[in-house]
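Source file: my_file.pdb (PDB, C-alpha atoms, pLDDT in the B column)
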MODEL        1
ATOM      1  CA  MET A   1      14.941  -6.352  -4.679  1.00 79.00           C
ATOM      2  CA  ARG A   2      15.159  -2.552  -4.379  1.00 84.00           C
ATOM      3  CA  LEU A   3      15.526  -0.843  -7.739  1.00 86.00           C
ATOM      4  CA  ALA A   4      15.858   2.929  -8.096  1.00 87.00           C
ATOM      5  CA  ARG A   5      15.941   3.565 -11.852  1.00 88.00           C
ATOM      6  CA  ILE A   6      17.385   2.501 -15.171  1.00 88.00           C
ATOM      7  CA  ASP A   7      21.009   3.656 -14.894  1.00 86.00           C
ATOM      8  CA  HIS A   8      22.175   3.192 -18.469  1.00 90.00           C
ATOM      9  CA  VAL A   9      21.872   1.256 -21.681  1.00 90.00           C
ATOM     10  CA  ALA A  10      25.060  -0.166 -23.234  1.00 87.00           C
ATOM     11  CA  LEU A  11      25.342  -0.190 -27.019  1.00 85.00           C
ATOM     12  CA  VAL A  12      27.988  -1.629 -29.305  1.00 83.00           C
ATOM     13  CA  VAL A  13      28.681   1.042 -31.936  1.00 84.00           C
ATOM     14  CA  GLY A  14      30.731   0.981 -35.115  1.00 80.00           C
ATOM     15  CA  ASP A  15      32.403   4.379 -34.608  1.00 84.00           C
ATOM     16  CA  VAL A  16      32.629   5.626 -31.019  1.00 86.00           C
ATOM     17  CA  ASP A  17      33.710   9.173 -31.948  1.00 88.00           C
ATOM     18  CA  ARG A  18      30.786   9.529 -34.363  1.00 88.00           C
ATOM     19  CA  SER A  19      28.383   8.232 -31.717  1.00 87.00           C
ATOM     20  CA  VAL A  20      29.781  10.569 -29.033  1.00 90.00           C
ATOM     21  CA  ARG A  21      29.153  13.516 -31.381  1.00 89.00           C
ATOM     22  CA  TRP A  22      25.680  12.275 -32.343  1.00 86.00           C
ATOM     23  CA  TYR A  23      24.471  11.652 -28.785  1.00 87.00           C
ATOM     24  CA  GLY A  24      25.914  15.026 -27.747  1.00 90.00           C
ATOM     25  CA  GLU A  25      24.291  16.967 -30.573  1.00 88.00           C
ATOM     26  CA  VAL A  26      20.955  15.153 -30.563  1.00 74.00           C
ATOM     27  CA  LEU A  27      20.348  14.317 -26.889  1.00 76.00           C
ATOM     28  CA  GLY A  28      22.770  16.634 -25.086  1.00 86.00           C
ATOM     29  CA  LEU A  29      24.669  13.747 -23.492  1.00 87.00           C
ATOM     30  CA  ARG A  30      28.221  14.557 -22.353  1.00 93.00           C
ATOM     31  CA  ARG A  31      31.126  12.267 -21.537  1.00 92.00           C
ATOM     32  CA  THR A  32      31.588  11.407 -17.881  1.00 88.00           C
ATOM     33  CA  TYR A  33      34.165   9.284 -16.034  1.00 83.00           C
ATOM     34  CA  ALA A  34      36.749   9.946 -18.776  1.00 81.00           C
ATOM     35  CA  GLU A  35      39.436  10.048 -16.090  1.00 81.00           C
ATOM     36  CA  VAL A  36      38.591   6.441 -15.178  1.00 79.00           C
ATOM     37  CA  TRP A  37      37.570   5.002 -18.550  1.00 72.00           C
ATOM     38  CA  SER A  38      39.758   6.626 -21.197  1.00 70.00           C
ATOM     39  CA  ASP A  39      40.432   5.761 -24.839  1.00 63.00           C
ATOM     40  CA  PRO A  40      41.088   3.153 -26.086  1.00 62.00           C
ATOM     41  CA  GLN A  41      39.282   1.454 -23.217  1.00 62.00           C
ATOM     42  CA  ASP A  42      35.575   1.162 -23.105  1.00 72.00           C
ATOM     43  CA  PRO A  43      33.043   2.013 -22.095  1.00 84.00           C
ATOM     44  CA  VAL A  44      32.748   5.597 -23.190  1.00 90.00           C
ATOM     45  CA  PHE A  45      30.059   6.759 -20.786  1.00 90.00           C
ATOM     46  CA  LEU A  46      27.756   9.647 -21.735  1.00 92.00           C
ATOM     47  CA  ALA A  47      25.193  11.192 -19.411  1.00 90.00           C
ATOM     48  CA  HIS A  48      22.754  14.008 -18.886  1.00 88.00           C
ATOM     49  CA  GLY A  49      21.364  14.019 -15.362  1.00 87.00           C
ATOM     50  CA  PRO A  50      20.261  10.471 -14.515  1.00 86.00           C
ATOM     51  CA  VAL A  51      20.192   9.365 -18.179  1.00 84.00           C
ATOM     52  CA  GLY A  52      23.215   7.324 -19.274  1.00 90.00           C
ATOM     53  CA  VAL A  53      24.459   5.566 -22.386  1.00 89.00           C
ATOM     54  CA  ALA A  54      27.600   3.426 -22.411  1.00 89.00           C
ATOM     55  CA  LEU A  55      29.189   3.148 -25.853  1.00 88.00           C
ATOM     56  CA  LEU A  56      31.153  -0.053 -26.419  1.00 85.00           C
ATOM     57  CA  ARG A  57      33.654  -0.802 -29.150  1.00 81.00           C
ATOM     58  CA  PRO A  58      33.006  -3.969 -31.152  1.00 77.00           C
ATOM     59  CA  ARG A  59      34.806  -7.131 -30.083  1.00 72.00           C
ATOM     60  CA  GLY A  60      34.341 -10.259 -32.113  1.00 67.00           C
ATOM     61  CA  ASP A  61      30.844 -10.265 -33.579  1.00 60.00           C
ATOM     62  CA  ALA A  62      29.960  -6.575 -33.912  1.00 53.00           C
ATOM     63  CA  GLY A  63      26.675  -4.843 -34.415  1.00 52.00           C
ATOM     64  CA  PRO A  64      23.152  -4.758 -32.987  1.00 51.00           C
ATOM     65  CA  GLY A  65      22.251  -7.695 -30.793  1.00 55.00           C
ATOM     66  CA  HIS A  66      25.876  -8.102 -29.695  1.00 62.00           C
ATOM     67  CA  PRO A  67      26.047 -10.043 -26.411  1.00 67.00           C
ATOM     68  CA  ARG A  68      27.858  -7.158 -24.658  1.00 74.00           C
ATOM     69  CA  GLN A  69      24.796  -4.945 -25.053  1.00 78.00           C
ATOM     70  CA  HIS A  70      22.790  -4.681 -21.861  1.00 87.00           C
ATOM     71  CA  PHE A  71      20.749  -2.426 -19.626  1.00 85.00           C
ATOM     72  CA  ALA A  72      21.691  -1.443 -16.092  1.00 89.00           C
ATOM     73  CA  VAL A  73      19.431  -0.808 -13.125  1.00 88.00           C
ATOM     74  CA  ALA A  74      20.663   1.260 -10.175  1.00 90.00           C
ATOM     75  CA  THR A  75      20.176   0.425  -6.514  1.00 91.00           C
ATOM     76  CA  ASP A  76      21.689   1.520  -3.204  1.00 93.00           C
ATOM     77  CA  GLU A  77      24.276  -0.483  -1.215  1.00 93.00           C
ATOM     78  CA  PRO A  78      21.736  -2.373   0.929  1.00 94.00           C
ATOM     79  CA  GLY A  79      19.735  -3.181  -2.200  1.00 91.00           C
ATOM     80  CA  PHE A  80      22.901  -4.401  -3.914  1.00 94.00           C
ATOM     81  CA  ARG A  81      23.668  -6.787  -1.040  1.00 94.00           C
ATOM     82  CA  GLU A  82      20.054  -8.024  -0.959  1.00 92.00           C
ATOM     83  CA  ALA A  83      20.068  -8.592  -4.730  1.00 91.00           C
ATOM     84  CA  ARG A  84      23.318 -10.580  -4.554  1.00 94.00           C
ATOM     85  CA  GLU A  85      21.799 -12.814  -1.866  1.00 94.00           C
ATOM     86  CA  ARG A  86      18.486 -13.174  -3.743  1.00 89.00           C
ATOM     87  CA  LEU A  87      20.162 -14.136  -7.011  1.00 91.00           C
ATOM     88  CA  ALA A  88      22.259 -16.730  -5.172  1.00 94.00           C
ATOM     89  CA  ALA A  89      19.159 -18.110  -3.430  1.00 92.00           C
ATOM     90  CA  LEU A  90      17.413 -18.414  -6.795  1.00 91.00           C
ATOM     91  CA  GLY A  91      20.420 -20.206  -8.288  1.00 93.00           C
ATOM     92  CA  ILE A  92      21.074 -17.410 -10.781  1.00 90.00           C
ATOM     93  CA  ALA A  93      24.760 -17.051 -11.608  1.00 94.00           C
ATOM     94  CA  ALA A  94      25.989 -13.477 -11.191  1.00 95.00           C
ATOM     95  CA  GLU A  95      29.410 -11.965 -11.735  1.00 95.00           C
ATOM     96  CA  GLU A  96      30.439  -9.058  -9.502  1.00 96.00           C
ATOM     97  CA  GLN A  97      32.820  -6.416 -10.869  1.00 95.00           C
ATOM     98  CA  ASP A  98      34.393  -3.309  -9.367  1.00 94.00           C
ATOM     99  CA  HIS A  99      34.465  -0.477 -11.923  1.00 91.00           C
ATOM    100  CA  THR A 100      36.181   2.079  -9.624  1.00 91.00           C
ATOM    101  CA  VAL A 101      33.252   4.534  -9.729  1.00 91.00           C
ATOM    102  CA  CYS A 102      30.663   1.809  -9.125  1.00 93.00           C
ATOM    103  CA  ARG A 103      30.173  -1.897  -8.399  1.00 96.00           C
ATOM    104  CA  SER A 104      28.082  -4.141 -10.606  1.00 95.00           C
ATOM    105  CA  LEU A 105      26.423  -7.542 -10.654  1.00 94.00           C
ATOM    106  CA  TYR A 106      25.970  -9.052 -14.118  1.00 93.00           C
ATOM    107  CA  PHE A 107      23.459 -11.814 -14.770  1.00 87.00           C
ATOM    108  CA  ARG A 108      21.235 -13.061 -17.597  1.00 85.00           C
ATOM    109  CA  ASP A 109      17.504 -13.422 -18.020  1.00 81.00           C
ATOM    110  CA  PRO A 110      15.993 -16.693 -19.355  1.00 68.00           C
ATOM    111  CA  ASP A 111      16.479 -15.507 -22.964  1.00 59.00           C
ATOM    112  CA  GLY A 112      20.141 -14.683 -22.386  1.00 76.00           C
ATOM    113  CA  HIS A 113      19.814 -10.884 -22.184  1.00 74.00           C
ATOM    114  CA  LEU A 114      22.535  -9.366 -20.022  1.00 86.00           C
ATOM    115  CA  ILE A 115      21.353  -7.319 -17.023  1.00 86.00           C
ATOM    116  CA  GLU A 116      23.596  -5.190 -14.832  1.00 90.00           C
ATOM    117  CA  LEU A 117      22.657  -4.163 -11.303  1.00 92.00           C
ATOM    118  CA  VAL A 118      24.828  -1.202 -10.311  1.00 94.00           C
ATOM    119  CA  THR A 119      25.497   0.751  -7.124  1.00 96.00           C
ATOM    120  CA  TYR A 120      27.570   3.892  -6.648  1.00 92.00           C
ATOM    121  CA  PRO A 121      29.369   4.516  -3.316  1.00 82.00           C
ATOM    122  CA  THR A 122      27.548   7.820  -2.798  1.00 72.00           C
ATOM    123  CA  GLN A 123      24.167   6.064  -2.918  1.00 48.00           C
ATOM    124  CA  GLY A 124      24.532   4.051   0.231  1.00 45.00           C
TER     125      GLY A 124
ENDMDL
END
Turn this file's structure into structure tokens for me.
Amino acid sequence: MRLARIDHVALVVGDVDRSVRWYGEVLGLRRTYAEVWSDPQDPVFLAHGPVGVALLRPRGDAGPGHPRQHFAVATDEPGFREARERLAALGIAAEEQDHTVCRSLYFRDPDGHLIELVTYPTQG
């Protein structure tokens, strides 16, 4: 499986506006993809160079450890196809989603942690 880098970490937050301000002031992260993912939708995606944080609004059980929290690893298009085939060969269930700006495969590790493998059209 070809992996390029950690793409983003997704966090469920209690107050998205507060978190947008905090991550902007403290880490210099700025909102990206607002034209695709706009309020009240989530995620609210913040980035600075290759560093990304996706802020998610609570749904159901809120707070740290929420099952929607995950980390995402980036790959190119050939790596994405290879990963899809490898996961299938290993019998690991994966859900593919098109997010307009990227495509993702979601699957879980043995402890139930959600992992996202993501590719952007410009990468491959």
- Grab the CA of Ala47 in chain A to CA of Leu11 in chain A distance for me, in Å with one decimal place. 13.7 Å
- Enter the distance from CA of Thr122 in chain A to CA of Leu29 in chain A, in Å, rounded to one decimal.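 Separation of CA of Thr122 in chain A and CA of Leu29 in chain A: 21.7 Å.
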- Query: Which residues match the PyMOL selection byres ((chain A and resi 37) around 12) in the file above, as a ChimeraX atom specification?
  - Reply: /A:31-36,38-46,54-56,99-101
- Selection under test: the PyMOL selection byres ((chain A and resi 92) around 12); residues as a list in words: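 On the file shown, the PyMOL selection byres ((chain A and resi 92) around 12) covers Ala83, Arg84, Glu85, Arg86, Leu87, Ala88, Ala89, Leu90, Gly91, Ala93, Ala94, Glu95, Leu105, Tyr106, Phe107, Arg108, Asp109, Pro110, Gly112 and Ile115 of chain A.
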- CA of Arg18 in chain A to CA of Val53 in chain A, distance in Å rounded to a single decimal: 14.1 Å
- Task: Name the residues, using the chain letters and numbers of the file, that sit within 8 Å of (18.8, -1.2, -7.3) when counting only C-alpha atoms, and give them as a PyMOL selection string.
- Result: chain A and resi 1-5+73-76+79-80+83+117-119
- Which is closer to Ile6 in chain A than all the others in A:Val51, A:Val26, A:Val20, A:Cys102, using only C-alpha atoms?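 With only C-alpha atoms as the atom set, the closest residue is A:Val51.
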Return as JSON the box centre and box size in Å, one decimal, for an axis-aligned box around all listed atoms of range 85-96 of chain A padded by 6 Å per side.
{"center_x": 23.9, "center_y": -14.6, "center_z": -6.8, "size_x": 25.0, "size_y": 23.1, "size_z": 21.9}
